[in-house]
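What follows is the content of final.txt, which has compact mmCIF, N, CA and C atoms and all ligand atoms:
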# COMPACT_ATOMS: atom_id res chain seq x y z
N MET H 24 62.92 79.08 136.52
CA MET H 24 63.33 79.03 135.11
C MET H 24 63.14 80.39 134.44
N ALA H 25 62.02 81.06 134.77
CA ALA H 25 61.75 82.35 134.15
C ALA H 25 62.75 83.41 134.57
N SER H 26 63.33 83.24 135.75
CA SER H 26 64.25 84.27 136.24
C SER H 26 65.61 84.24 135.52
N ILE H 27 65.87 83.19 134.80
CA ILE H 27 67.16 83.09 134.10
C ILE H 27 67.10 83.82 132.74
N LEU H 28 65.89 84.07 132.25
CA LEU H 28 65.76 84.70 130.93
C LEU H 28 66.38 86.10 130.84
N PRO H 29 66.10 86.99 131.81
CA PRO H 29 66.75 88.32 131.71
C PRO H 29 68.27 88.22 131.70
N LEU H 30 68.80 87.29 132.47
CA LEU H 30 70.25 87.09 132.52
C LEU H 30 70.78 86.63 131.15
N LEU H 31 70.06 85.70 130.55
CA LEU H 31 70.45 85.22 129.22
C LEU H 31 70.42 86.36 128.21
N PHE H 32 69.42 87.21 128.34
CA PHE H 32 69.28 88.35 127.44
C PHE H 32 70.48 89.28 127.58
N ILE H 33 70.85 89.58 128.81
CA ILE H 33 71.99 90.47 129.07
C ILE H 33 73.27 89.86 128.51
N VAL H 34 73.46 88.58 128.74
CA VAL H 34 74.65 87.90 128.22
C VAL H 34 74.69 87.99 126.69
N ALA H 35 73.54 87.79 126.05
CA ALA H 35 73.47 87.85 124.59
C ALA H 35 73.79 89.25 124.08
N VAL H 36 73.26 90.29 124.75
CA VAL H 36 73.51 91.67 124.34
C VAL H 36 75.00 92.01 124.49
N VAL H 37 75.58 91.62 125.61
CA VAL H 37 77.01 91.89 125.86
C VAL H 37 77.86 91.18 124.80
N TYR H 38 77.50 89.93 124.52
CA TYR H 38 78.23 89.16 123.51
C TYR H 38 78.17 89.83 122.15
N LEU H 39 76.96 90.25 121.75
CA LEU H 39 76.80 90.90 120.45
C LEU H 39 77.56 92.21 120.39
N PHE H 40 77.53 92.95 121.51
CA PHE H 40 78.23 94.23 121.58
C PHE H 40 79.73 94.03 121.36
N PHE H 41 80.31 93.04 122.04
CA PHE H 41 81.74 92.79 121.90
C PHE H 41 82.09 92.28 120.51
N ARG H 42 81.21 91.47 119.95
CA ARG H 42 81.44 90.97 118.60
C ARG H 42 81.44 92.11 117.59
N MET H 43 80.49 93.04 117.77
CA MET H 43 80.39 94.19 116.88
C MET H 43 81.64 95.05 116.99
N PHE H 44 82.08 95.27 118.24
CA PHE H 44 83.23 96.11 118.50
C PHE H 44 84.48 95.50 117.86
N ARG H 45 84.64 94.18 118.04
CA ARG H 45 85.79 93.50 117.47
C ARG H 45 85.76 93.54 115.95
N GLY H 46 84.56 93.39 115.40
CA GLY H 46 84.39 93.45 113.95
C GLY H 46 84.80 94.81 113.41
N ALA H 47 84.41 95.87 114.11
CA ALA H 47 84.74 97.22 113.68
C ALA H 47 86.24 97.44 113.74
N LYS H 48 86.87 96.92 114.78
CA LYS H 48 88.31 97.09 114.94
C LYS H 48 89.05 96.36 113.82
N ASN H 49 88.62 95.13 113.50
CA ASN H 49 89.26 94.38 112.42
C ASN H 49 89.07 95.07 111.08
N LYS H 50 87.90 95.65 110.90
CA LYS H 50 87.60 96.34 109.66
C LYS H 50 88.58 97.52 109.49
N TYR H 51 88.81 98.21 110.60
CA TYR H 51 89.75 99.33 110.57
C TYR H 51 91.16 98.84 110.27
N ALA H 52 91.55 97.75 110.91
CA ALA H 52 92.90 97.21 110.73
C ALA H 52 93.13 96.71 109.31
N ASN H 53 92.06 96.39 108.60
CA ASN H 53 92.20 95.91 107.23
C ASN H 53 92.44 97.04 106.23
N ILE H 54 92.17 98.28 106.64
CA ILE H 54 92.41 99.42 105.76
C ILE H 54 93.92 99.69 105.76
N PRO H 55 94.55 99.87 104.61
CA PRO H 55 96.00 100.11 104.62
C PRO H 55 96.37 101.44 105.29
N THR H 56 97.56 101.49 105.84
CA THR H 56 98.07 102.75 106.39
C THR H 56 98.51 103.61 105.21
N PHE H 57 98.85 104.85 105.48
CA PHE H 57 99.28 105.74 104.40
C PHE H 57 100.54 105.18 103.73
N LEU H 58 101.48 104.66 104.54
CA LEU H 58 102.72 104.11 103.98
C LEU H 58 102.44 102.92 103.07
N GLU H 59 101.50 102.06 103.49
CA GLU H 59 101.13 100.92 102.65
C GLU H 59 100.47 101.39 101.35
N TYR H 60 99.60 102.38 101.48
CA TYR H 60 98.91 102.93 100.31
C TYR H 60 99.93 103.50 99.32
N LYS H 61 100.91 104.21 99.88
CA LYS H 61 101.96 104.83 99.08
C LYS H 61 102.81 103.77 98.37
N GLU H 62 103.13 102.70 99.12
CA GLU H 62 103.94 101.62 98.54
C GLU H 62 103.18 100.85 97.46
N ASP H 63 101.90 100.61 97.72
CA ASP H 63 101.10 99.83 96.77
C ASP H 63 100.70 100.64 95.54
N ASN H 64 100.56 101.96 95.73
CA ASN H 64 100.09 102.80 94.62
C ASN H 64 100.97 104.04 94.47
N PRO H 65 102.23 103.83 94.08
CA PRO H 65 103.15 104.99 93.99
C PRO H 65 102.65 106.03 92.97
N GLU H 66 101.88 105.58 91.98
CA GLU H 66 101.38 106.51 90.97
C GLU H 66 100.34 107.48 91.54
N CYS H 67 99.82 107.17 92.74
CA CYS H 67 98.80 108.02 93.35
C CYS H 67 99.40 109.16 94.18
N ILE H 68 100.71 109.15 94.36
CA ILE H 68 101.36 110.21 95.13
C ILE H 68 102.25 111.00 94.18
N LYS H 69 101.86 112.24 93.93
CA LYS H 69 102.65 113.08 93.03
C LYS H 69 102.77 114.46 93.63
N ASP H 70 103.98 114.96 93.71
CA ASP H 70 104.24 116.29 94.27
C ASP H 70 103.56 116.46 95.63
N ARG H 71 103.70 115.47 96.47
CA ARG H 71 103.15 115.45 97.83
C ARG H 71 101.62 115.53 97.84
N LYS H 72 101.01 115.26 96.70
CA LYS H 72 99.55 115.24 96.65
C LYS H 72 99.08 113.81 96.45
N VAL H 73 98.04 113.45 97.16
CA VAL H 73 97.52 112.09 97.10
C VAL H 73 96.29 112.08 96.20
N SER H 74 96.23 111.10 95.32
CA SER H 74 95.03 110.96 94.52
C SER H 74 94.40 109.60 94.76
N CYS H 75 93.16 109.47 94.35
CA CYS H 75 92.39 108.26 94.60
C CYS H 75 92.81 107.14 93.65
N LEU H 76 92.99 105.98 94.22
CA LEU H 76 93.38 104.80 93.46
C LEU H 76 92.27 104.35 92.51
N HIS H 77 91.03 104.65 92.88
CA HIS H 77 89.88 104.16 92.11
C HIS H 77 89.47 105.10 90.98
N CYS H 78 89.43 106.41 91.25
CA CYS H 78 88.91 107.33 90.24
C CYS H 78 89.92 108.42 89.87
N GLY H 79 91.04 108.49 90.56
CA GLY H 79 92.05 109.49 90.23
C GLY H 79 91.78 110.86 90.83
N GLY H 80 90.67 111.00 91.50
CA GLY H 80 90.33 112.29 92.13
C GLY H 80 91.30 112.63 93.24
N ASN H 81 91.54 113.93 93.47
CA ASN H 81 92.44 114.27 94.57
C ASN H 81 91.75 115.10 95.64
N ASN H 82 90.46 114.91 95.72
CA ASN H 82 89.69 115.55 96.77
C ASN H 82 89.42 114.52 97.86
N ILE H 83 90.30 114.49 98.84
CA ILE H 83 90.23 113.46 99.87
C ILE H 83 89.96 114.09 101.22
N PHE H 84 89.02 113.55 101.94
CA PHE H 84 88.73 114.12 103.25
C PHE H 84 88.96 113.11 104.37
N LEU H 85 89.16 113.69 105.54
CA LEU H 85 89.48 112.91 106.72
C LEU H 85 88.19 112.65 107.49
N LYS H 86 88.00 111.40 107.86
CA LYS H 86 86.79 111.05 108.61
C LYS H 86 87.21 110.36 109.89
N GLN H 87 86.78 110.90 111.02
CA GLN H 87 87.11 110.26 112.30
C GLN H 87 86.21 109.06 112.50
N VAL H 88 86.82 107.89 112.76
CA VAL H 88 86.01 106.68 112.90
C VAL H 88 86.07 106.06 114.28
N GLY H 89 86.97 106.55 115.11
CA GLY H 89 87.04 105.96 116.44
C GLY H 89 87.98 106.72 117.33
N LYS H 90 87.88 106.42 118.61
CA LYS H 90 88.70 107.12 119.58
C LYS H 90 89.09 106.14 120.66
N THR H 91 90.36 106.12 121.01
CA THR H 91 90.80 105.36 122.17
C THR H 91 91.35 106.41 123.14
N PRO H 92 91.62 106.03 124.38
CA PRO H 92 92.14 107.05 125.31
C PRO H 92 93.39 107.76 124.80
N LYS H 93 94.18 107.10 123.98
CA LYS H 93 95.45 107.69 123.53
C LYS H 93 95.42 108.23 122.11
N THR H 94 94.57 107.68 121.26
CA THR H 94 94.62 108.08 119.84
C THR H 94 93.24 108.33 119.25
N ILE H 95 93.25 109.02 118.15
CA ILE H 95 92.04 109.23 117.35
C ILE H 95 92.27 108.49 116.04
N LEU H 96 91.33 107.64 115.67
CA LEU H 96 91.47 106.85 114.45
C LEU H 96 90.74 107.55 113.31
N ASN H 97 91.43 107.71 112.21
CA ASN H 97 90.85 108.37 111.05
C ASN H 97 90.94 107.49 109.82
N VAL H 98 90.02 107.69 108.90
CA VAL H 98 90.18 107.11 107.57
C VAL H 98 90.13 108.26 106.58
N HIS H 99 90.80 108.08 105.45
CA HIS H 99 90.86 109.09 104.42
C HIS H 99 90.01 108.59 103.26
N VAL H 100 88.98 109.35 102.95
CA VAL H 100 87.98 108.90 101.99
C VAL H 100 87.97 109.83 100.77
N CYS H 101 87.85 109.24 99.59
CA CYS H 101 87.78 110.02 98.36
C CYS H 101 86.41 110.70 98.29
N LYS H 102 86.42 112.00 98.06
CA LYS H 102 85.17 112.75 98.01
C LYS H 102 84.41 112.48 96.71
N THR H 103 85.16 112.11 95.68
CA THR H 103 84.54 111.91 94.37
C THR H 103 83.79 110.59 94.29
N CYS H 104 84.47 109.48 94.68
CA CYS H 104 83.80 108.17 94.53
C CYS H 104 83.40 107.54 95.86
N GLY H 105 83.84 108.12 96.97
CA GLY H 105 83.41 107.63 98.27
C GLY H 105 84.19 106.43 98.80
N GLU H 106 85.24 106.03 98.10
CA GLU H 106 86.03 104.86 98.53
C GLU H 106 86.99 105.28 99.66
N THR H 107 87.15 104.37 100.65
CA THR H 107 88.11 104.58 101.71
C THR H 107 89.50 104.21 101.17
N LEU H 108 90.45 105.12 101.31
CA LEU H 108 91.77 104.89 100.70
C LEU H 108 92.79 104.38 101.70
N TYR H 109 92.92 105.05 102.84
CA TYR H 109 93.88 104.61 103.84
C TYR H 109 93.48 105.14 105.21
N ARG H 110 94.20 104.68 106.23
CA ARG H 110 93.86 105.08 107.59
C ARG H 110 95.04 105.80 108.24
N SER H 111 94.76 106.51 109.29
CA SER H 111 95.81 107.14 110.07
C SER H 111 95.31 107.32 111.49
N SER H 112 96.24 107.55 112.39
CA SER H 112 95.82 107.84 113.76
C SER H 112 96.68 108.96 114.31
N ILE H 113 96.12 109.72 115.21
CA ILE H 113 96.82 110.86 115.79
C ILE H 113 97.13 110.54 117.25
ZN ZN H 201 87.86 108.15 94.10
Give the structure from this file in structure tokens form.
Amino acid sequence: MASILPLLFIVAVVYLFFRMFRGAKNKYANIPTFLEYKEDNPECIKDRKVSCLHCGGNNIFLKQVGKTPKTILNVHVCKTCGETLYRSSI
């Protein structure tokens, strides 16, 4: 009976790891793409400059949040209020 405990522990860790990974992926997918952001907030795009939907600031930085073998996943975050505005991938 005692020998099954390490196995149970490993199964639990693997399960939690996959759940966390899936959660992170869904969280990323819930962030709008640039096109969606543009469509939802046309007032935030002026003269090819993007401004923040929350505070109007136009100091936006790119933050790398993940990497797959083919792409790099980024989110664009407002430097003024810290809100995530949209996502992109390269
Ligand atoms: Zn902002």
Around ligand ZN 201 (chain H), out to 5 Å and counting all atoms listed in the file, which residues are there? I want them as a PDB file with N, CA and C atoms, keeping the file's coordinate frame.
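What follows is the written file pocket_38.pdb:
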ATOM      1  N   CYS H  75      93.160 109.470  94.350  1.00  0.00           N
ATOM      2  CA  CYS H  75      92.390 108.260  94.600  1.00  0.00           C
ATOM      3  C   CYS H  75      92.810 107.140  93.650  1.00  0.00           C
ATOM      4  N   HIS H  77      91.030 104.650  92.880  1.00  0.00           N
ATOM      5  CA  HIS H  77      89.880 104.160  92.110  1.00  0.00           C
ATOM      6  C   HIS H  77      89.470 105.100  90.980  1.00  0.00           C
ATOM      7  N   CYS H  78      89.430 106.410  91.250  1.00  0.00           N
ATOM      8  CA  CYS H  78      88.910 107.330  90.240  1.00  0.00           C
ATOM      9  C   CYS H  78      89.920 108.420  89.870  1.00  0.00           C
ATOM     10  N   GLY H  79      91.040 108.490  90.560  1.00  0.00           N
ATOM     11  CA  GLY H  79      92.050 109.490  90.230  1.00  0.00           C
ATOM     12  C   GLY H  79      91.780 110.860  90.830  1.00  0.00           C
ATOM     13  N   GLY H  80      90.670 111.000  91.500  1.00  0.00           N
ATOM     14  CA  GLY H  80      90.330 112.290  92.130  1.00  0.00           C
ATOM     15  C   GLY H  80      91.300 112.630  93.240  1.00  0.00           C
ATOM     16  N   CYS H 101      87.850 109.240  99.590  1.00  0.00           N
ATOM     17  CA  CYS H 101      87.780 110.020  98.360  1.00  0.00           C
ATOM     18  C   CYS H 101      86.410 110.700  98.290  1.00  0.00           C
ATOM     19  N   THR H 103      85.160 112.110  95.680  1.00  0.00           N
ATOM     20  CA  THR H 103      84.540 111.910  94.370  1.00  0.00           C
ATOM     21  C   THR H 103      83.790 110.590  94.290  1.00  0.00           C
ATOM     22  N   CYS H 104      84.470 109.480  94.680  1.00  0.00           N
ATOM     23  CA  CYS H 104      83.800 108.170  94.530  1.00  0.00           C
ATOM     24  C   CYS H 104      83.400 107.540  95.860  1.00  0.00           C
ATOM     25  N   GLY H 105      83.840 108.120  96.970  1.00  0.00           N
ATOM     26  CA  GLY H 105      83.410 107.630  98.270  1.00  0.00           C
ATOM     27  C   GLY H 105      84.190 106.430  98.800  1.00  0.00           C
TER      28      GLY H 105
END
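By only C-alpha atoms, and with residues fewer than 5 positions from region 44-60 of chain H along its chain excluded, the set lying at most 12 Å from it is H:Val37, H:Tyr38, H:Leu39, H:Pro65, H:Glu66, H:Cys67, H:Ile68, H:Val73, H:Ser74, H:Cys75, H:Leu76, H:Gln87, H:Val88, H:Gly89, H:Lys90, H:Thr91, H:Leu96, H:Asn97, H:Val98, H:His99, H:Val100, H:Glu106, H:Thr107, H:Leu108, H:Tyr109, H:Arg110, H:Ser111, H:Ser112.
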Which is closest to Asn81 (chain H) among H:Lys93, H:Arg42, H:Lys61, H:Lys102, if we use only C-alpha atoms?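 Closest to Asn81 (chain H), using only C-alpha atoms: H:Lys102.
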So which residues of chain H fall under strand (DSSP E or B) by DSSP, listed as a ChimeraX atom specification? /H:56,68-69,72-73,83-90,95-101,107-112
Just the helix (DSSP H, G or I) stuff from region 26-110 of chain H, please, per backbone DSSP, written as a ChimeraX atom specification. /H:27-53,57-63,65-67
